[in-house]
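Below: the structure, in structure tokens.
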Amino acid sequence: MTDTSDQREQRLQKLTTLRAAGVEPYPARFSCTHSAAEALAAFVASEGQEEPPVVRTAGRLMAIRVMGRASFAHIMDGTSRIQIYLRQDEVGKEAYRFFREGFDLGDFIGVEGSLFRTRTGEVTILVQSFEMLAKTLRPLPEKWHGLTDVETRYRQRYLDLLVNEPVRRTFITRTRMVTAMRRFLDERGFLEVETPVLQPVYGGAAARPFVTHHNVLDADLYLRISDELYLKRLIIGGLDRVYEIGRDFRNEGISTKHNPEFTQMEVYQAYADYNDMMCLVEELWHAVAEQVLGTSRLTYQGHEVNLMPPWRRVTMHAAILEATAIDIEEYPDVNSLHQRIKELSLEVNAKPAWGKQVEELFDEYVQPKLIQPTFVLDYPLDISPLAKKKPDAPRLVERFEFFVGGLECGNAFSELNDPLDQRERFEMQRKQLQDGDEEAHPMDEDWIRALEYGMPPTGGLGFGIDRMAMLFTDSSSIREVILFPTLRPKPGR
């Protein structure tokens, strides 16, 4: 195999020769009458007619087969691949020599010609004229032995998309998911809005923020970790149904399930609670699956998952009791809960607060088993500072998370709208922050001020688009569904 540096040098020499001959290898434009897919469709529609369609189309050369005075090639654009056929008798001797000597795999070519079907049945363009649209200086990865290294695929996603068809399908599916989601919410009267990415006080989730500095204002700002508090301000302002699909940022570790920059959908509905949000989730996910996949059943990592509503509902208390034999209500403080965990020889990281220890038990022993869509209800109050208390269980809140394929996919509340209670929760969070919990929620006086103007009963929901895309495309890593995932910098860069 020719060394890549040698091939680049050869292509540079061709580039020099082309320019010396008066050929511009990077023209500014080429007007197409058809994409590759449209050209294929036009031929099928014209079969039986006397005159075949004439098309102008363009694409990247993906294969070339030279046969003396004629050559076949395949070009690819963003819609499809189509074969082209160049004959010396058709394009002229000099032009044909230009094609054979000047073009390499990966170059962009614009062609004009009539469509026909070869003896093997392939729709093909008989080229009457062509031109160079862009000369590539680096060879594409080989078809069978090329771009397989995972890190290279992520760092050079443009090549990954170019040579790996399943990767293109993954991101097309992701885009169609978001389109279907917007359609679902718009049809139900929700208004899509935009809220600040740079915020003077971060909030709406338990996470460490990224910090930046605005020079003119001489003020630190935070990349948002959630859209929640600004969207709820809009509920206060009289916009009763709002949603946002946008980027959030959390200064945390990188794993197959986490990327510091991720896409989230958040939706808020006045005069609703977490029961309404459960109905919204299962209806939305089912509708999106039907529109994008054509079915409510999908396969994720060897498991068949059925998104057909209704989904299972179980309290966190019941789920932990079933999985570990620990009744968390019988161990209402962190010390007694630690002791019970020790007695049962369960392998769980020790946490400083009761709610965090309950959550750790759940994450370790319950979540991996939640393959079929499941709502887990009623979380501890001390890890849920923005959710409304359960009237019959004041240590718990009206909150759920939902799980599909063993993945935590989203979070929802009956939103806390009592400003006095909200202040007490923030004070509790501030103490946790002072005690070293870097993910505790900061005090937000402006949010409390907004609540004092009155917010109606509200249901709120947020879920990750990336994890939804993992499920819809059967991807084991979040990096497979983010076009340009965050990676460790290479040495020297």
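Please note that chains go A, B, ... in the order of the structure tokens, that every chain numbers its residues from 1, and that ligands are numbered from 1 in the order shown.
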Q: Tell me which protein, DNA and RNA residues are within 12 Å of Ile254 of chain A, counting only C-alpha atoms, leaving out same-chain ones fewer than 6 positions away, and put them as a PyMOL selection string.
A: chain A and resi 260-262+477-479+485-488
Any chance you could tabulate, as a tab-separated table, the residues of segment 261-287 of chain A at most 8 Å from segment 244-252 of chain A with each one's nearest atom pair and distance in Å to one decimal, using only C-alpha atoms, in chain and rising number order?
residue	atom	partner	partner_atom	distance
A:Glu261	CA	A:Phe249	CA	4.7
A:Phe262	CA	A:Arg247	CA	5.5
A:Thr263	CA	A:Arg247	CA	4.5
A:Gln264	CA	A:Gly246	CA	5.7
A:Met265	CA	A:Ile245	CA	4.4
A:Glu266	CA	A:Glu244	CA	5.5
A:Val267	CA	A:Glu244	CA	6.7
Output for the residues just chosen: C-alpha atoms as an mmCIF file, in the first residue's frame:
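Listing of selection-v8.cif after writing:
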data_model
loop_
_atom_site.group_PDB
_atom_site.id
_atom_site.type_symbol
_atom_site.label_atom_id
_atom_site.label_comp_id
_atom_site.auth_asym_id
_atom_site.auth_seq_id
_atom_site.Cartn_x
_atom_site.Cartn_y
_atom_site.Cartn_z
ATOM 1 C CA GLU A 261 -21.606 19.055 26.418
ATOM 2 C CA PHE A 262 -24.943 17.387 25.711
ATOM 3 C CA THR A 263 -28.373 18.087 24.251
ATOM 4 C CA GLN A 264 -31.446 18.179 26.421
ATOM 5 C CA MET A 265 -35.157 18.750 25.884
ATOM 6 C CA GLU A 266 -36.992 20.471 28.730
ATOM 7 C CA VAL A 267 -40.738 21.088 28.787
#
Q.
One number please: atom CA of Gly48 of chain A to atom CA of Leu126 of chain A, in Å, one decimal.
A.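 It comes out at 17.9 Å.
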Q: Once DSSP has gone over the backbone, tell me which residues of segment 391-437 of chain A are in strand (DSSP E or B), as a PyMOL selection string.
A: chain A and resi 393-404+407-415
Pull C-alpha atoms from the residues just selected and write them as a compact mmCIF listing (two decimals), in the first residue's frame.
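Below is the file that was written, result.txt:
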# COMPACT_ATOMS: atom_id res chain seq x y z
CA ALA A 393 -44.82 11.71 52.87
CA PRO A 394 -42.97 14.98 53.62
CA ARG A 395 -39.49 13.38 53.31
CA LEU A 396 -40.27 12.58 49.67
CA VAL A 397 -41.13 14.68 46.65
CA GLU A 398 -43.36 14.28 43.59
CA ARG A 399 -40.50 13.45 41.28
CA PHE A 400 -39.81 10.65 38.83
CA GLU A 401 -36.96 9.51 36.64
CA PHE A 402 -37.55 7.17 33.75
CA PHE A 403 -35.36 4.35 32.53
CA VAL A 404 -35.17 2.48 29.24
CA LEU A 407 -30.23 3.88 30.96
CA GLU A 408 -31.46 6.80 33.03
CA CYS A 409 -33.20 8.87 30.37
CA GLY A 410 -34.99 11.76 32.08
CA ASN A 411 -36.18 13.54 35.19
CA ALA A 412 -39.47 15.29 36.08
CA PHE A 413 -41.25 16.98 38.97
CA SER A 414 -44.37 18.51 40.21
CA GLU A 415 -42.56 21.84 40.39
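The coordinates place atom CA of Ala206 of chain A at 17.2 Å from atom CA of Asp378 of chain A.
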**Q.** Selection near Leu483 of chain A, 12 Å with only C-alpha atoms, sequence-local residues under 5 positions removed, as a PyMOL selection string
**A.** chain A and resi 153-161+167-168+170-172+174-175+259+261-263+466+469+478
Selection from above, N, CA and C atoms, as an mmCIF file, in the first residue's frame, can you write it?
data_model
loop_
_atom_site.group_PDB
_atom_site.id
_atom_site.type_symbol
_atom_site.label_atom_id
_atom_site.label_comp_id
_atom_site.auth_asym_id
_atom_site.auth_seq_id
_atom_site.Cartn_x
_atom_site.Cartn_y
_atom_site.Cartn_z
ATOM 1 N N ARG A 153 -12.050 7.775 14.475
ATOM 2 C CA ARG A 153 -13.407 8.024 13.974
ATOM 3 C C ARG A 153 -14.020 9.239 14.647
ATOM 4 N N TYR A 154 -13.833 9.378 15.960
ATOM 5 C CA TYR A 154 -14.416 10.510 16.683
ATOM 6 C C TYR A 154 -13.680 11.814 16.371
ATOM 7 N N ARG A 155 -12.346 11.750 16.258
ATOM 8 C CA ARG A 155 -11.582 12.973 16.011
ATOM 9 C C ARG A 155 -11.755 13.460 14.576
ATOM 10 N N GLN A 156 -11.953 12.540 13.643
ATOM 11 C CA GLN A 156 -12.134 12.902 12.237
ATOM 12 C C GLN A 156 -13.502 12.409 11.768
ATOM 13 N N ARG A 157 -14.525 12.952 12.404
ATOM 14 C CA ARG A 157 -15.885 12.486 12.132
ATOM 15 C C ARG A 157 -16.263 12.669 10.670
ATOM 16 N N TYR A 158 -15.681 13.650 10.007
ATOM 17 C CA TYR A 158 -15.998 13.866 8.592
ATOM 18 C C TYR A 158 -15.624 12.640 7.761
ATOM 19 N N LEU A 159 -14.503 11.996 8.092
ATOM 20 C CA LEU A 159 -14.137 10.769 7.385
ATOM 21 C C LEU A 159 -15.031 9.605 7.805
ATOM 22 N N ASP A 160 -15.362 9.562 9.083
ATOM 23 C CA ASP A 160 -16.247 8.516 9.598
ATOM 24 C C ASP A 160 -17.580 8.542 8.857
ATOM 25 N N LEU A 161 -18.144 9.730 8.694
ATOM 26 C CA LEU A 161 -19.405 9.877 7.970
ATOM 27 C C LEU A 161 -19.251 9.491 6.506
ATOM 28 N N VAL A 167 -22.868 4.978 10.250
ATOM 29 C CA VAL A 167 -22.700 6.208 11.023
ATOM 30 C C VAL A 167 -23.600 7.306 10.456
ATOM 31 N N ARG A 168 -23.654 7.418 9.135
ATOM 32 C CA ARG A 168 -24.550 8.411 8.522
ATOM 33 C C ARG A 168 -25.994 8.134 8.918
ATOM 34 N N THR A 170 -27.076 6.714 11.590
ATOM 35 C CA THR A 170 -27.267 7.066 12.996
ATOM 36 C C THR A 170 -27.621 8.537 13.147
ATOM 37 N N PHE A 171 -26.884 9.410 12.467
ATOM 38 C CA PHE A 171 -27.125 10.842 12.659
ATOM 39 C C PHE A 171 -28.347 11.332 11.886
ATOM 40 N N ILE A 172 -28.699 10.660 10.824
ATOM 41 C CA ILE A 172 -29.964 10.977 10.167
ATOM 42 C C ILE A 172 -31.122 10.611 11.088
ATOM 43 N N ARG A 174 -31.040 10.518 14.346
ATOM 44 C CA ARG A 174 -31.070 11.495 15.433
ATOM 45 C C ARG A 174 -31.794 12.776 15.010
ATOM 46 N N THR A 175 -31.482 13.273 13.832
ATOM 47 C CA THR A 175 -32.128 14.490 13.355
ATOM 48 C C THR A 175 -33.633 14.287 13.194
ATOM 49 N N ASN A 259 -21.178 13.039 28.402
ATOM 50 C CA ASN A 259 -20.326 13.960 27.659
ATOM 51 C C ASN A 259 -20.522 15.333 28.291
ATOM 52 N N GLU A 261 -20.672 18.244 27.209
ATOM 53 C CA GLU A 261 -21.606 19.055 26.418
ATOM 54 C C GLU A 261 -22.645 18.099 25.839
ATOM 55 N N PHE A 262 -23.910 18.317 26.149
ATOM 56 C CA PHE A 262 -24.943 17.387 25.711
ATOM 57 C C PHE A 262 -26.208 18.147 25.356
ATOM 58 N N THR A 263 -27.133 17.459 24.707
ATOM 59 C CA THR A 263 -28.373 18.087 24.251
ATOM 60 C C THR A 263 -29.539 17.583 25.090
ATOM 61 N N ASP A 466 -29.306 12.749 23.592
ATOM 62 C CA ASP A 466 -28.215 11.842 23.254
ATOM 63 C C ASP A 466 -28.540 10.411 23.682
ATOM 64 N N ALA A 469 -31.124 8.946 21.501
ATOM 65 C CA ALA A 469 -30.521 8.527 20.228
ATOM 66 C C ALA A 469 -29.742 7.230 20.387
ATOM 67 N N ILE A 478 -22.313 7.035 24.171
ATOM 68 C CA ILE A 478 -22.876 8.339 23.815
ATOM 69 C C ILE A 478 -22.052 9.018 22.721
#
Could you give me, as a short mmCIF file (atom, residue, chain, number, x, y, z; two decimals) with C-alpha atoms, in the first residue's frame, the residues within 10 Å of segment 34-37 of chain A, counting only C-alpha atoms and dropping anything in the same chain fewer than 5 positions from it?
data_model
loop_
_atom_site.label_atom_id
_atom_site.label_comp_id
_atom_site.auth_asym_id
_atom_site.auth_seq_id
_atom_site.Cartn_x
_atom_site.Cartn_y
_atom_site.Cartn_z
CA ALA A 42 -35.97 10.71 -12.81
CA VAL A 54 -30.38 14.77 -19.23
CA VAL A 55 -29.04 15.71 -15.79
CA ARG A 56 -26.34 17.86 -14.23
CA THR A 57 -25.16 16.50 -10.92
CA ALA A 58 -22.05 16.43 -8.77
CA GLY A 59 -20.40 14.38 -6.07
CA ILE A 75 -19.94 9.43 -7.36
CA MET A 76 -21.66 10.12 -4.07
CA ASP A 77 -23.45 13.18 -2.76
CA GLY A 78 -25.50 13.61 0.40
CA THR A 79 -28.45 11.73 -1.04
CA SER A 80 -27.11 8.63 -2.80
CA ARG A 81 -24.50 7.12 -5.12
CA ILE A 82 -24.80 6.98 -8.91
CA GLN A 83 -22.61 5.48 -11.61
#
(Q) Residues near Phe103 of chain A, anyone? I mean within 8 Å using only C-alpha atoms, not counting same-chain ones fewer than 4 positions away, as a VMD selection string. (A) chain A and resid 98 to 99 107 132 135
Report as JSON lines the residues of segment 185-232 of chain A within 7 Å of segment 436-447 of chain A, each with its shortest atom pair and distance in Å (one decimal), using only C-alpha atoms, ordered by chain and increasing residue number.
{"residue": "A:Val201", "atom": "CA", "partner": "A:Asp444", "partner_atom": "CA", "distance": 6.7}
{"residue": "A:Gly203", "atom": "CA", "partner": "A:His441", "partner_atom": "CA", "distance": 6.1}
{"residue": "A:Ala206", "atom": "CA", "partner": "A:Glu439", "partner_atom": "CA", "distance": 4.8}
{"residue": "A:Ala207", "atom": "CA", "partner": "A:Glu439", "partner_atom": "CA", "distance": 4.4}
{"residue": "A:Arg208", "atom": "CA", "partner": "A:Glu439", "partner_atom": "CA", "distance": 5.3}
(Q) What does the structure give for the distance between atom CA of Thr124 of chain A and atom CA of Pro53 of chain A, in Å to one decimal? (A)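 Atom-to-atom, atom CA of Thr124 of chain A to atom CA of Pro53 of chain A, that is 11.2 Å.
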(Q) I'd like to know which residues of segment 208-376 of chain A are alpha helix (DSSP H) (by DSSP, run on the backbone); could you write them as a VMD selection string? (A) chain A and resid 228 to 236 274 to 293 316 to 324 334 to 343 354 to 365
For the residues in that selection, give me C-alpha atoms as a compact mmCIF listing (two decimals), in the first residue's frame.
# COMPACT_ATOMS: atom_id res chain seq x y z
CA GLU A 228 -35.13 24.83 34.10
CA LEU A 229 -35.21 28.06 36.10
CA TYR A 230 -35.47 30.30 33.04
CA LEU A 231 -38.22 28.18 31.49
CA LYS A 232 -40.19 28.35 34.74
CA ARG A 233 -39.79 32.12 34.70
CA LEU A 234 -41.72 31.99 31.42
CA ILE A 235 -44.50 30.02 33.11
CA ILE A 236 -44.66 32.82 35.69
CA TYR A 274 -45.70 14.77 37.53
CA ASN A 275 -48.52 12.38 36.61
CA ASP A 276 -49.23 14.51 33.53
CA MET A 277 -45.51 14.48 32.71
CA MET A 278 -45.49 10.66 32.82
CA CYS A 279 -48.29 10.58 30.26
CA LEU A 280 -46.43 13.13 28.12
CA VAL A 281 -43.20 11.10 28.19
CA GLU A 282 -44.70 7.76 27.19
CA GLU A 283 -46.87 9.30 24.48
CA LEU A 284 -43.97 11.37 23.07
CA TRP A 285 -41.46 8.52 22.99
CA HIS A 286 -44.00 6.18 21.42
CA ALA A 287 -44.97 8.74 18.77
CA VAL A 288 -41.35 9.55 17.90
CA ALA A 289 -40.46 5.86 17.60
CA GLU A 290 -43.42 5.21 15.30
CA GLN A 291 -42.51 8.17 13.07
CA VAL A 292 -38.75 7.57 12.94
CA LEU A 293 -38.41 3.80 13.24
CA MET A 316 -38.15 4.15 44.53
CA HIS A 317 -38.98 2.63 47.93
CA ALA A 318 -40.58 -0.47 46.38
CA ALA A 319 -37.85 -0.88 43.75
CA ILE A 320 -35.04 -0.82 46.35
CA LEU A 321 -36.94 -3.15 48.67
CA GLU A 322 -37.40 -5.68 45.88
CA ALA A 323 -33.76 -5.52 44.76
CA THR A 324 -31.94 -5.34 48.12
CA VAL A 334 -27.93 7.93 57.10
CA ASN A 335 -26.23 6.12 60.00
CA SER A 336 -28.90 3.45 60.38
CA LEU A 337 -29.01 3.02 56.60
CA HIS A 338 -25.21 2.61 56.49
CA GLN A 339 -25.46 -0.03 59.20
CA ARG A 340 -28.14 -2.00 57.35
CA ILE A 341 -26.14 -1.91 54.11
CA LYS A 342 -23.11 -3.20 56.03
CA GLU A 343 -25.14 -6.02 57.62
CA TRP A 354 -29.65 9.87 53.58
CA GLY A 355 -31.07 10.84 50.21
CA LYS A 356 -27.74 10.44 48.45
CA GLN A 357 -27.26 7.01 50.05
CA VAL A 358 -30.72 5.93 48.91
CA GLU A 359 -29.90 7.13 45.41
CA GLU A 360 -26.60 5.21 45.46
CA LEU A 361 -28.42 2.00 46.47
CA PHE A 362 -30.85 2.51 43.61
CA ASP A 363 -28.15 3.25 41.04
CA GLU A 364 -26.15 0.16 41.99
CA TYR A 365 -28.87 -2.48 42.42
Q | Counting only C-alpha atoms, the option among A:Val348, A:Met428, A:Pro419, A:Leu133 closest to Asp382 of chain A | A | A:Met428
Q: Have a look at A:Val197, A:Ile109, A:Ser5, A:Arg11 and name the one nearest to Phe30 of chain A; count only C-alpha atoms.
A: A:Ile109
